[in-house]
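S.K.: Structure file run-v3.csv, CSV, C-alpha atoms and all ligand atoms, is pasted below:
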chain,number,residue,atom,x,y,z
A,1,MET,CA,-7.4,-0.7,34.2
A,2,GLU,CA,-5.8,0.0,30.8
A,3,ALA,CA,-6.1,-2.7,28.2
A,4,ALA,CA,-3.0,-4.6,27.5
A,5,ARG,CA,-3.1,-3.7,23.8
A,6,LEU,CA,-2.2,-0.1,24.8
A,7,SER,CA,0.7,-1.0,27.1
A,8,GLU,CA,3.3,-0.6,24.4
A,9,LEU,CA,1.9,2.7,23.2
A,10,SER,CA,3.8,5.7,24.3
A,11,THR,CA,3.3,9.4,24.0
A,12,SER,CA,6.3,10.1,26.1
A,13,MET,CA,8.7,11.5,23.4
A,14,ILE,CA,6.3,14.0,22.0
A,15,ARG,CA,5.1,14.9,25.5
A,16,ARG,CA,8.7,15.4,26.6
A,17,ILE,CA,9.5,17.9,23.9
A,18,PHE,CA,6.1,19.6,24.5
A,19,GLU,CA,7.0,19.9,28.2
A,20,VAL,CA,10.5,21.2,27.4
A,21,VAL,CA,8.9,23.9,25.1
A,22,GLN,CA,6.4,24.8,27.9
A,23,GLU,CA,9.2,25.1,30.4
A,24,ALA,CA,11.3,27.3,28.1
A,25,ARG,CA,8.3,29.5,27.4
A,26,ARG,CA,7.7,29.9,31.2
A,27,LYS,CA,11.3,31.1,31.4
A,28,GLY,CA,10.5,33.7,28.9
A,29,ILE,CA,12.3,32.2,25.8
A,30,ASP,CA,10.6,33.0,22.6
A,31,ILE,CA,10.2,29.7,20.8
A,32,LEU,CA,9.8,29.3,17.0
A,33,ASN,CA,7.8,26.1,16.5
A,34,LEU,CA,9.0,23.9,13.6
A,35,SER,CA,7.3,20.8,14.9
A,36,VAL,CA,3.8,21.3,13.6
A,37,GLY,CA,2.3,18.7,11.3
A,38,GLU,CA,-0.3,20.9,9.5
A,39,PRO,CA,-0.3,23.7,7.0
A,40,ASP,CA,0.1,27.1,8.6
A,41,PHE,CA,-2.6,28.4,6.2
A,42,ASP,CA,-6.2,28.8,7.3
A,43,THR,CA,-8.8,27.0,5.3
A,44,HIS,CA,-9.7,29.1,2.2
A,45,PRO,CA,-12.6,31.4,2.9
A,46,GLU,CA,-14.4,30.0,-0.2
A,47,ILE,CA,-14.5,26.6,1.5
A,48,VAL,CA,-15.7,28.1,4.8
A,49,LYS,CA,-18.5,29.9,2.8
A,50,LYS,CA,-19.5,26.7,1.1
A,51,ALA,CA,-19.7,24.8,4.5
A,52,TYR,CA,-21.9,27.6,5.9
A,53,GLU,CA,-24.2,27.4,2.9
A,54,ALA,CA,-24.3,23.6,3.2
A,55,MET,CA,-25.3,23.9,6.9
A,56,GLN,CA,-28.1,26.2,6.0
A,57,LYS,CA,-29.3,23.8,3.3
A,58,GLY,CA,-29.6,21.1,6.0
A,59,TYR,CA,-26.3,19.2,5.7
A,60,THR,CA,-26.4,18.7,9.4
A,61,HIS,CA,-27.4,15.1,9.6
A,62,TYR,CA,-25.8,11.7,9.2
A,63,THR,CA,-24.8,10.9,5.7
A,64,SER,CA,-24.5,7.4,4.2
A,65,ASN,CA,-21.6,5.5,5.8
A,66,PHE,CA,-19.9,5.7,2.5
A,67,GLY,CA,-20.2,9.5,2.3
A,68,ILE,CA,-22.3,11.8,0.0
A,69,GLU,CA,-22.6,10.6,-3.5
A,70,GLU,CA,-21.3,13.8,-5.0
A,71,LEU,CA,-18.0,13.6,-3.1
A,72,ARG,CA,-17.5,9.9,-3.8
A,73,THR,CA,-18.0,10.5,-7.5
A,74,LEU,CA,-15.6,13.5,-7.7
A,75,ILE,CA,-12.9,11.5,-5.8
A,76,ALA,CA,-13.5,8.4,-8.0
A,77,GLU,CA,-13.1,10.6,-11.2
A,78,ARG,CA,-9.8,11.9,-10.0
A,79,TYR,CA,-8.5,8.3,-9.6
A,80,GLY,CA,-10.3,6.7,-12.6
A,81,VAL,CA,-12.1,4.2,-10.3
A,82,GLU,CA,-15.7,3.5,-9.6
A,83,ALA,CA,-17.6,5.6,-6.9
A,84,GLU,CA,-18.5,2.3,-5.2
A,85,ASN,CA,-14.8,1.9,-4.4
A,86,VAL,CA,-14.6,5.1,-2.4
A,87,MET,CA,-15.5,5.5,1.2
A,88,VAL,CA,-15.3,8.9,2.9
A,89,THR,CA,-13.9,8.7,6.5
A,90,THR,CA,-13.5,11.0,9.5
A,91,GLY,CA,-10.0,12.1,8.4
A,92,ALA,CA,-7.3,9.9,7.1
A,93,SER,CA,-6.6,8.8,10.7
A,94,GLU,CA,-9.9,7.0,10.9
A,95,ALA,CA,-9.2,5.3,7.6
A,96,LEU,CA,-5.9,4.1,8.9
A,97,LEU,CA,-7.5,2.7,12.0
A,98,ASN,CA,-10.3,1.0,10.0
A,99,ALA,CA,-7.7,-0.6,7.7
A,100,SER,CA,-5.6,-1.7,10.6
A,101,LEU,CA,-8.6,-3.3,12.5
A,102,ALA,CA,-9.9,-4.9,9.3
A,103,PHE,CA,-6.7,-6.5,8.1
A,104,ILE,CA,-4.1,-6.9,10.9
A,105,GLU,CA,-4.5,-10.2,12.7
A,106,ARG,CA,-3.1,-10.5,16.2
A,107,GLY,CA,0.4,-11.9,16.1
A,108,ASN,CA,0.8,-11.1,12.4
A,109,LYS,CA,3.6,-9.0,11.1
A,110,VAL,CA,3.2,-5.4,10.0
A,111,VAL,CA,6.0,-4.0,7.8
A,112,ILE,CA,6.8,-0.3,8.1
A,113,PRO,CA,9.7,1.3,6.3
A,114,SER,CA,11.6,3.6,8.6
A,115,PRO,CA,11.5,6.5,8.9
A,116,ASN,CA,7.7,6.8,8.7
A,117,PHE,CA,4.6,8.5,10.2
A,118,LEU,CA,4.6,7.6,13.8
A,119,SER,CA,0.9,6.6,14.0
A,120,TYR,CA,1.5,3.4,11.9
A,121,PHE,CA,3.5,2.0,14.9
A,122,SER,CA,0.6,2.8,17.2
A,123,TYR,CA,-2.0,1.1,14.9
A,124,ALA,CA,0.2,-2.0,14.6
A,125,LYS,CA,0.7,-2.1,18.4
A,126,MET,CA,-3.1,-1.6,19.1
A,127,CYS,CA,-3.7,-4.6,16.8
A,128,GLU,CA,-1.1,-6.6,18.8
A,129,ALA,CA,1.0,-7.2,15.7
A,130,GLU,CA,4.7,-7.8,15.4
A,131,ILE,CA,6.3,-4.7,13.8
A,132,VAL,CA,9.0,-5.3,11.2
A,133,GLN,CA,10.9,-2.3,10.1
A,134,VAL,CA,12.9,-1.9,6.9
A,135,LYS,CA,15.4,1.0,7.2
A,136,THR,CA,15.7,3.3,4.2
A,137,HIS,CA,18.6,5.5,5.3
A,138,PRO,CA,20.4,7.5,4.0
A,139,SER,CA,18.5,7.9,0.7
A,140,PHE,CA,15.0,7.0,2.1
A,141,GLU,CA,14.3,4.9,-0.9
A,142,ILE,CA,13.1,1.3,-0.2
A,143,ASP,CA,15.7,-1.3,-1.1
A,144,VAL,CA,13.4,-3.9,-2.8
A,145,ASN,CA,15.8,-6.7,-1.9
A,146,ALA,CA,15.8,-5.9,1.7
A,147,PHE,CA,12.0,-5.5,1.6
A,148,ASN,CA,11.7,-8.9,-0.1
A,149,GLU,CA,13.8,-10.5,2.7
A,150,VAL,CA,11.4,-9.6,5.5
A,151,MET,CA,8.3,-10.6,3.6
A,152,ASP,CA,6.5,-13.9,4.2
A,153,ARG,CA,2.9,-15.1,4.6
A,154,LYS,CA,2.8,-13.9,8.2
A,155,VAL,CA,2.8,-10.3,7.0
A,156,SER,CA,-0.8,-8.9,6.8
A,157,VAL,CA,-0.2,-5.1,6.2
A,158,ILE,CA,2.6,-2.9,4.8
A,159,PHE,CA,2.3,0.8,5.5
A,160,LEU,CA,3.6,3.1,2.8
A,161,ASN,CA,3.5,6.9,2.8
A,162,TYR,CA,4.7,9.0,-0.2
A,163,PRO,CA,5.3,12.0,-0.2
A,164,ASN,CA,6.6,10.9,3.2
A,165,ASN,CA,6.2,12.3,6.6
A,166,PRO,CA,8.9,12.9,8.0
A,167,THR,CA,11.3,13.0,5.0
A,168,GLY,CA,9.4,14.5,2.1
A,169,PHE,CA,10.7,11.7,0.0
A,170,ILE,CA,8.7,10.4,-3.0
A,171,ALA,CA,9.3,6.8,-4.1
A,172,ASP,CA,9.4,6.0,-7.8
A,173,GLU,CA,6.8,4.0,-9.6
A,174,LYS,CA,9.1,1.0,-10.2
A,175,THR,CA,9.8,0.6,-6.5
A,176,LEU,CA,6.2,1.0,-5.5
A,177,LYS,CA,4.9,-1.5,-8.0
A,178,ALA,CA,7.6,-4.0,-6.9
A,179,VAL,CA,6.6,-3.6,-3.3
A,180,ALA,CA,2.9,-4.1,-4.2
A,181,GLU,CA,3.8,-7.2,-6.2
A,182,ILE,CA,5.8,-8.8,-3.4
A,183,ALA,CA,3.0,-8.0,-1.0
A,184,GLU,CA,0.5,-9.7,-3.3
A,185,ASP,CA,2.6,-12.8,-3.5
A,186,CYS,CA,2.5,-13.0,0.3
A,187,ASN,CA,-1.2,-12.3,0.4
A,188,ALA,CA,-0.5,-9.0,2.2
A,189,ILE,CA,-2.3,-5.7,1.9
A,190,VAL,CA,-0.5,-2.4,1.2
A,191,VAL,CA,-2.0,0.6,2.9
A,192,SER,CA,-0.8,3.4,0.8
A,193,ASP,CA,-1.2,6.7,2.7
A,194,GLU,CA,-1.2,9.4,0.0
A,195,ILE,CA,-2.3,12.3,2.2
A,196,TYR,CA,0.4,14.7,0.8
A,197,ASP,CA,-0.2,13.7,-2.8
A,198,THR,CA,-0.8,17.2,-4.2
A,199,ILE,CA,2.0,18.8,-2.2
A,200,TYR,CA,5.0,18.0,-4.5
A,201,TYR,CA,7.7,20.1,-6.1
A,202,ASP,CA,8.9,18.4,-9.3
A,203,LYS,CA,8.5,14.6,-9.3
A,204,LYS,CA,4.8,13.8,-9.3
A,205,PRO,CA,3.9,11.0,-6.8
A,206,VAL,CA,2.4,7.9,-8.2
A,207,SER,CA,-0.9,6.5,-6.7
A,208,LEU,CA,-1.3,2.8,-6.1
A,209,ALA,CA,-5.1,3.2,-6.4
A,210,GLY,CA,-6.8,0.4,-8.4
A,211,LEU,CA,-4.4,-2.4,-7.4
A,212,GLU,CA,-6.3,-5.4,-5.9
A,213,ASN,CA,-4.3,-5.7,-2.7
A,214,VAL,CA,-4.0,-2.0,-2.1
A,215,VAL,CA,-6.0,0.3,0.2
A,216,VAL,CA,-5.3,4.0,-0.7
A,217,VAL,CA,-5.8,6.4,2.2
A,218,ASN,CA,-6.1,10.1,1.5
A,219,GLY,CA,-8.0,13.2,2.6
A,220,PHE,CA,-8.1,16.9,2.5
A,221,SER,CA,-6.5,17.8,5.8
A,222,LYS,CA,-3.1,18.7,4.4
A,223,THR,CA,-3.8,19.5,0.7
A,224,LEU,CA,-6.6,21.9,1.3
A,225,ALA,CA,-5.5,23.0,4.8
A,226,MET,CA,-8.5,21.4,6.4
A,227,THR,CA,-7.1,19.5,9.4
A,228,GLY,CA,-10.0,20.5,11.7
A,229,TRP,CA,-12.7,19.4,9.3
A,230,ARG,CA,-12.0,15.7,9.4
A,231,ILE,CA,-12.5,14.6,5.8
A,232,GLY,CA,-10.5,11.6,4.7
A,233,PHE,CA,-11.2,8.7,2.3
A,234,VAL,CA,-10.2,5.2,1.3
A,235,ILE,CA,-10.1,3.7,-2.2
A,236,ALA,CA,-10.2,-0.1,-2.3
A,237,SER,CA,-11.6,-3.1,-4.1
A,238,ASP,CA,-15.2,-4.3,-3.1
A,239,ASP,CA,-14.0,-7.0,-0.7
A,240,LEU,CA,-11.5,-4.8,1.1
A,241,LEU,CA,-14.0,-1.9,1.4
A,242,ASP,CA,-16.7,-4.2,2.8
A,243,SER,CA,-14.3,-5.3,5.6
A,244,MET,CA,-13.4,-1.7,6.4
A,245,LEU,CA,-17.0,-0.7,6.3
A,246,LYS,CA,-17.6,-3.0,9.3
A,247,VAL,CA,-15.2,-0.9,11.4
A,248,HIS,CA,-16.3,2.4,9.9
A,249,GLN,CA,-20.0,1.8,10.7
A,250,VAL,CA,-19.2,1.7,14.4
A,251,ASN,CA,-16.2,4.0,14.4
A,252,GLY,CA,-16.3,7.2,12.3
A,253,VAL,CA,-19.9,6.4,11.1
A,254,CYS,CA,-19.8,9.3,8.6
A,255,ALA,CA,-17.6,12.3,8.2
A,256,PRO,CA,-19.3,15.7,9.0
A,257,ALA,CA,-22.0,16.3,6.4
A,258,PHE,CA,-21.5,20.0,5.8
A,259,ALA,CA,-17.7,19.5,5.5
A,260,GLN,CA,-18.2,16.7,2.9
A,261,LYS,CA,-20.5,19.0,0.9
A,262,ALA,CA,-18.0,21.9,1.1
A,263,VAL,CA,-15.2,19.7,-0.2
A,264,ALA,CA,-17.4,18.4,-3.0
A,265,ASP,CA,-18.4,21.9,-4.0
A,266,VAL,CA,-14.9,23.2,-4.0
A,267,LEU,CA,-13.6,20.2,-6.0
A,268,ALA,CA,-16.5,20.7,-8.5
A,269,SER,CA,-15.7,24.4,-8.9
A,270,GLY,CA,-12.1,23.8,-9.9
A,271,LYS,CA,-11.0,26.2,-7.2
A,272,ALA,CA,-9.3,23.4,-5.2
A,273,GLU,CA,-6.4,23.3,-7.7
A,274,GLU,CA,-5.9,27.0,-7.4
A,275,ILE,CA,-5.8,26.8,-3.6
A,276,VAL,CA,-3.3,23.9,-3.7
A,277,ALA,CA,-1.1,25.7,-6.3
A,278,GLU,CA,-0.8,28.8,-4.1
A,279,MET,CA,0.1,26.8,-1.1
A,280,VAL,CA,2.7,24.6,-2.9
A,281,LYS,CA,4.3,27.7,-4.4
A,282,GLU,CA,4.9,29.0,-0.9
A,283,PHE,CA,6.1,25.6,0.4
A,284,ARG,CA,8.5,25.3,-2.5
A,285,ALA,CA,10.2,28.6,-1.6
A,286,ARG,CA,10.5,27.6,2.0
A,287,ARG,CA,11.8,24.1,1.1
A,288,ASP,CA,14.5,25.7,-1.0
A,289,PHE,CA,15.4,28.1,1.7
A,290,VAL,CA,15.5,25.6,4.6
A,291,TYR,CA,17.4,23.0,2.5
A,292,LYS,CA,20.1,25.5,1.6
A,293,GLU,CA,20.4,26.8,5.1
A,294,LEU,CA,20.8,23.3,6.6
A,295,THR,CA,23.3,22.2,4.1
A,296,ASP,CA,25.2,25.4,4.5
A,297,MET,CA,25.4,24.6,8.2
A,298,GLY,CA,27.1,21.4,7.3
A,299,LEU,CA,24.1,19.1,8.0
A,300,GLU,CA,23.4,16.2,5.7
A,301,ALA,CA,19.8,16.3,4.3
A,302,VAL,CA,17.9,14.7,1.4
A,303,LYS,CA,16.1,17.5,-0.5
A,304,PRO,CA,12.4,16.9,0.1
A,305,GLU,CA,10.3,16.3,-3.1
A,306,GLY,CA,7.0,16.7,-1.4
A,307,ALA,CA,5.0,17.3,1.9
A,308,PHE,CA,6.4,20.1,4.2
A,309,TYR,CA,9.0,18.3,6.2
A,310,ILE,CA,12.8,17.9,6.0
A,311,PHE,CA,14.7,15.2,8.0
A,312,PRO,CA,18.3,16.3,8.4
A,313,LYS,CA,21.0,14.3,10.2
A,314,VAL,CA,22.4,16.1,13.2
A,315,PRO,CA,25.8,15.7,14.9
A,316,ALA,CA,24.3,14.5,18.3
A,317,ASN,CA,21.6,12.3,19.7
A,318,CYS,CA,18.3,13.7,18.4
A,319,VAL,CA,16.6,14.0,21.7
A,320,GLU,CA,19.5,15.9,23.3
A,321,PHE,CA,19.8,18.0,20.2
A,322,ALA,CA,16.1,18.9,20.2
A,323,GLU,CA,16.1,19.7,23.9
A,324,LYS,CA,19.1,22.0,23.7
A,325,LEU,CA,17.8,23.6,20.6
A,326,VAL,CA,14.7,24.6,22.5
A,327,GLU,CA,16.9,26.7,24.8
A,328,HIS,CA,18.1,28.5,21.6
A,329,GLY,CA,14.4,29.2,20.7
A,330,VAL,CA,13.6,26.6,18.1
A,331,ALA,CA,11.4,23.5,18.6
A,332,VAL,CA,11.8,20.5,16.2
A,333,THR,CA,10.7,16.8,16.5
A,334,PRO,CA,13.4,14.2,17.4
A,335,GLY,CA,13.8,11.4,14.9
A,336,THR,CA,13.2,8.4,17.2
A,337,PRO,CA,9.4,8.2,17.2
A,338,PHE,CA,9.6,7.8,13.4
A,339,GLY,CA,11.2,4.4,13.7
A,340,ASP,CA,14.5,2.5,13.9
A,341,GLY,CA,17.7,4.1,12.8
A,342,ASN,CA,16.6,7.7,13.3
A,343,GLU,CA,18.5,8.5,16.5
A,344,SER,CA,20.6,11.2,14.8
A,345,TYR,CA,17.8,12.7,12.7
A,346,ILE,CA,15.4,15.5,13.5
A,347,ARG,CA,12.2,16.5,11.7
A,348,ILE,CA,11.7,20.1,10.7
A,349,SER,CA,8.3,21.2,9.5
A,350,TYR,CA,8.5,24.3,7.3
A,351,ALA,CA,4.8,24.9,7.6
A,352,THR,CA,5.4,28.3,9.1
A,353,SER,CA,6.1,31.7,7.7
A,354,MET,CA,9.3,32.6,5.8
A,355,GLU,CA,10.0,35.2,8.5
A,356,ASN,CA,9.9,32.6,11.2
A,357,LEU,CA,12.0,30.2,9.1
A,358,ARG,CA,14.7,32.9,8.6
A,359,LYS,CA,14.9,33.5,12.4
A,360,ALA,CA,14.8,29.8,13.2
A,361,MET,CA,17.6,29.0,10.8
A,362,GLU,CA,19.7,31.8,12.2
A,363,ARG,CA,19.2,30.5,15.7
A,364,MET,CA,19.9,26.9,14.7
A,365,LYS,CA,23.1,27.9,12.9
A,366,GLY,CA,24.3,29.5,16.1
A,367,PHE,CA,23.5,26.4,18.0
A,368,VAL,CA,25.1,24.0,15.5
A,369,GLU,CA,28.3,26.1,15.5
A,370,SER,CA,28.4,25.9,19.3
A,371,LEU,CA,28.4,22.1,19.3
B,401,LIG,N1,-1.1,10.3,7.4
B,401,LIG,C1,0.0,11.1,7.5
B,401,LIG,C2,1.3,10.7,6.9
B,401,LIG,C3,0.0,12.3,8.3
B,401,LIG,O1,1.1,13.0,8.4
B,401,LIG,C4,-1.2,12.7,8.9
B,401,LIG,C5,-1.3,13.9,9.8
B,401,LIG,N2,-0.2,14.2,10.6
B,401,LIG,C6,-2.3,11.8,8.8
B,401,LIG,C7,-2.2,10.7,8.0
B,401,LIG,C8,-3.6,12.1,9.5
B,401,LIG,O2,-4.4,13.0,8.7
B,401,LIG,P1,-5.9,13.4,9.2
B,401,LIG,O3,-5.8,14.7,9.8
B,401,LIG,O4,-6.7,13.5,7.9
B,401,LIG,O5,-6.4,12.4,10.1
How would this structure read if it were set down as structure tokens?
Ligand code: PMP
M.R.:
Amino acid sequence: MEAARLSELSTSMIRRIFEVVQEARRKGIDILNLSVGEPDFDTHPEIVKKAYEAMQKGYTHYTSNFGIEELRTLIAERYGVEAENVMVTTGASEALLNASLAFIERGNKVVIPSPNFLSYFSYAKMCEAEIVQVKTHPSFEIDVNAFNEVMDRKVSVIFLNYPNNPTGFIADEKTLKAVAEIAEDCNAIVVSDEIYDTIYYDKKPVSLAGLENVVVVNGFSKTLAMTGWRIGFVIASDDLLDSMLKVHQVNGVCAPAFAQKAVADVLASGKAEEIVAEMVKEFRARRDFVYKELTDMGLEAVKPEGAFYIFPKVPANCVEFAEKLVEHGVAVTPGTPFGDGNESYIRISYATSMENLRKAMERMKGFVESL
């Protein structure tokens, strides 16, 4: 029998689109997939080589629960914090679950600005919390007054994610600091998911690392195109890290040793910045292209400042729109799983080739004109 804490979790929306895509493929429709949440680039061969060498050197065992010292130190240097305040995790997802289990009390409130990464809703539900959403449409900036209104001492965790999945929006420093301050007044913890932090186009995202009541979650899945390697990390004060360690010790235990070593080596070599820059250059061209195409179609969209998603408004219910669009050969993600107020939005991931994007935009244009 399934535990009650899972009763509110649903995979139905994503599964439904997946099934619609499968069905269309069975009918012989060629589908361009713009629903993927990972870079289309393979991990750089240099990193693969370093992992292989690490395996040969014996990086095949458990590491410390905190991660290998080299990697912790390199991460700490990047943020100007102490290595003791860094813990390497099995992807950012493990870090998010650790933080949720460590800080969300059953029946407490969890504040999630909408739209946002859909897993936050699942973590909050697994912890049997009450979810409070703060809508950010149409600009996707948090209205600090509206945020302040929902905050009280029953709030244990606030999830923030900038650059944001699904909008690509980057909040400014003033707003982020205001949110962190209000959270502190309520004794709440901000979980700042900064997983897309190096994928930005002009405005540089600000990190909340170093603030007392903030847990920064990050990793290398997106920024170094390493989703399958499962290397994430958290940065937090001693007390908060101790609490998360209790979960991590029985959950992720440690991230894959050879993958940790490969990341440490590539960071130390300076090659990581080059890899990121190449990828961001390509994402920028795609972002400019997709944004222009969508606005030329007459769709309202906020120009993404980071990540590799765009969240346009569509002239229909998002699920119906996404399902019909599949018949025209393009798969996107409907807005509803990303929170309240997203019924007329869709998420497009431009982590696919320019050639695919050109074809997809052409098909989408035909579909939108037919509405
Ligand atoms: N946070 C956000 C905002 C994400 O988009 C994702 C991946 N879709 C994750 C966390 C999970 O990252 P990881 O693969 O490192 O677990």
S.K.: What do you get as number ranges by chain if you pick all residues at most 10 Å from ligand LIG 401 (chain B), counting only C-alpha atoms and all ligand atoms?
M.R.: A: 36-38, 89-97, 116-120, 160-166, 192-196, 217-223, 225-233, 307-309
S.K.: What lies within 8 Å of segment 121-130 of chain A using only C-alpha atoms, ignoring chain neighbours under 5 positions off, as a ChimeraX atom specification?
M.R.: /A:5-6,8-9,96-97,100-101,104-110,112
S.K.: For the selection you just gave me, I'd like the residues written to a file as an mmCIF file, in the frame of the given file, keeping C-alpha atoms.
M.R.:
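Contents of the output file again_23.cif:
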data_model
loop_
_atom_site.group_PDB
_atom_site.id
_atom_site.type_symbol
_atom_site.label_atom_id
_atom_site.label_comp_id
_atom_site.auth_asym_id
_atom_site.auth_seq_id
_atom_site.Cartn_x
_atom_site.Cartn_y
_atom_site.Cartn_z
ATOM 1 C CA ARG A 5 -3.100 -3.700 23.800
ATOM 2 C CA LEU A 6 -2.200 -0.100 24.800
ATOM 3 C CA GLU A 8 3.300 -0.600 24.400
ATOM 4 C CA LEU A 9 1.900 2.700 23.200
ATOM 5 C CA LEU A 96 -5.900 4.100 8.900
ATOM 6 C CA LEU A 97 -7.500 2.700 12.000
ATOM 7 C CA SER A 100 -5.600 -1.700 10.600
ATOM 8 C CA LEU A 101 -8.600 -3.300 12.500
ATOM 9 C CA ILE A 104 -4.100 -6.900 10.900
ATOM 10 C CA GLU A 105 -4.500 -10.200 12.700
ATOM 11 C CA ARG A 106 -3.100 -10.500 16.200
ATOM 12 C CA GLY A 107 0.400 -11.900 16.100
ATOM 13 C CA ASN A 108 0.800 -11.100 12.400
ATOM 14 C CA LYS A 109 3.600 -9.000 11.100
ATOM 15 C CA VAL A 110 3.200 -5.400 10.000
ATOM 16 C CA ILE A 112 6.800 -0.300 8.100
#
S.K.: Give the answer as one residue: which of A:Val276, A:His61, A:Val132, A:Lys154 has the shortest atom-to-atom distance to Phe41 of chain A, using all atoms listed in the file?
M.R.: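 For Phe41 of chain A, the nearest of the candidates is A:Val276.
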S.K.: Around the point (21.4, 32.2, 11.1), in the coordinates given by the file, pick out the residues reaching within 12 Å, counting only C-alpha atoms, and return them as an MDAnalysis selection string.
M.R.: chainID A and resid 289:290 292:294 296:297 328 330 356:369
S.K.: Here's a test: counting only C-alpha atoms, identify every protein, DNA and RNA residue with an atom at most 9 Å from (15.3, 15.5, 2.6) in the file's coordinate frame, and state them as a PDB file with C-alpha atoms, in the frame of the given file.
M.R.:
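Generated file (part27.pdb):
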ATOM      1  CA  SER A 139      18.500   7.900   0.700  1.00  0.00           C
ATOM      2  CA  PHE A 140      15.000   7.000   2.100  1.00  0.00           C
ATOM      3  CA  PRO A 166       8.900  12.900   8.000  1.00  0.00           C
ATOM      4  CA  THR A 167      11.300  13.000   5.000  1.00  0.00           C
ATOM      5  CA  GLY A 168       9.400  14.500   2.100  1.00  0.00           C
ATOM      6  CA  PHE A 169      10.700  11.700   0.000  1.00  0.00           C
ATOM      7  CA  TYR A 291      17.400  23.000   2.500  1.00  0.00           C
ATOM      8  CA  GLU A 300      23.400  16.200   5.700  1.00  0.00           C
ATOM      9  CA  ALA A 301      19.800  16.300   4.300  1.00  0.00           C
ATOM     10  CA  VAL A 302      17.900  14.700   1.400  1.00  0.00           C
ATOM     11  CA  LYS A 303      16.100  17.500  -0.500  1.00  0.00           C
ATOM     12  CA  PRO A 304      12.400  16.900   0.100  1.00  0.00           C
ATOM     13  CA  GLU A 305      10.300  16.300  -3.100  1.00  0.00           C
ATOM     14  CA  TYR A 309       9.000  18.300   6.200  1.00  0.00           C
ATOM     15  CA  ILE A 310      12.800  17.900   6.000  1.00  0.00           C
ATOM     16  CA  PHE A 311      14.700  15.200   8.000  1.00  0.00           C
ATOM     17  CA  PRO A 312      18.300  16.300   8.400  1.00  0.00           C
TER      18      PRO A 312
END
S.K.: Please identify all polymer residues within 6 Å of Val234 of chain A, counting all atoms listed in the file, omitting same-chain residues fewer than 2 positions from it, and present them as a list of chain:residue names.
M.R.: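 Once the nearby chain positions are removed, what remains is A:Val86, A:Met87, A:Val216, A:Val217.
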S.K.: What is the distance, in Å and to one decimal place, between atom CA of Gln260 of chain A and atom CA of Pro45 of chain A?
M.R.: 15.7 Å
S.K.: Which residues, written as a tab-separated table (two decimals) with C-alpha atoms, in the frame of the given file, have at least one atom at most 10 Å from segment 278-281 of chain A, with all atoms listed in the file counted and residues fewer than 4 positions away on the same chain left out?
M.R.:
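The new file result-v3.tsv reads:
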chain	number	residue	atom	x	y	z
A	39	PRO	CA	-0.30	23.70	7.00
A	40	ASP	CA	0.10	27.10	8.60
A	41	PHE	CA	-2.60	28.40	6.20
A	198	THR	CA	-0.80	17.20	-4.20
A	199	ILE	CA	2.00	18.80	-2.20
A	200	TYR	CA	5.00	18.00	-4.50
A	201	TYR	CA	7.70	20.10	-6.10
A	223	THR	CA	-3.80	19.50	0.70
A	224	LEU	CA	-6.60	21.90	1.30
A	225	ALA	CA	-5.50	23.00	4.80
A	273	GLU	CA	-6.40	23.30	-7.70
A	274	GLU	CA	-5.90	27.00	-7.40
A	285	ALA	CA	10.20	28.60	-1.60
A	286	ARG	CA	10.50	27.60	2.00
A	287	ARG	CA	11.80	24.10	1.10
A	306	GLY	CA	7.00	16.70	-1.40
A	307	ALA	CA	5.00	17.30	1.90
A	308	PHE	CA	6.40	20.10	4.20
S.K.: Nearest residue to Gln249 of chain A out of A:Val88, A:Leu208, A:Leu176, A:Val190, using only C-alpha atoms?
M.R.: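 The shortest atom-to-atom distance to Gln249 of chain A comes from A:Val88.
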S.K.: Could you list, as an MDAnalysis selection string, every residue within 12 Å of segment 22-24 of chain A, counting only C-alpha atoms and ignoring same-chain residues fewer than 2 positions away?
M.R.: chainID A and resid 15:20 26:33 323:331
S.K.: Counting only C-alpha atoms, which of A:Asp242, A:Gly335, A:Ala351, A:Gly270 gets nearest to Phe283 of chain A?
M.R.: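 Ranked by minimum distance to Phe283 of chain A, first place goes to A:Ala351.
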S.K.: Pick from A:Val215, A:Leu34, A:Ala209, A:Val266: nearest to Val81 of chain A, with all atoms listed in the file counted?
M.R.: A:Ala209
S.K.: Please, what distance in Å, to one decimal, runs between atom CA of Phe147 of chain A and atom CA of Thr175 of chain A?
M.R.: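 Between atom CA of Phe147 of chain A and atom CA of Thr175 of chain A the gap works out to 10.4 Å.
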S.K.: Could you name the residues that touch Phe321 of chain A at 8 Å or less, counting only C-alpha atoms, but leaving out those on the same chain fewer than 5 positions away, as a ChimeraX atom specification?
M.R.: /A:314,316,334
S.K.: Here is a test: counting all atoms listed in the file, which residue of A:Ala102, A:Ile346, A:Ser269, A:Ser114 is nearest to Leu240 of chain A?
M.R.: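 Between A:Ala102, A:Ile346, A:Ser269, A:Ser114, the residue approaching Leu240 of chain A most closely is A:Ala102.
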S.K.: In Å, rounded to a single decimal, give me how far atom CA of Thr136 of chain A is from atom CA of Lys174 of chain A.
M.R.: 16.0 Å
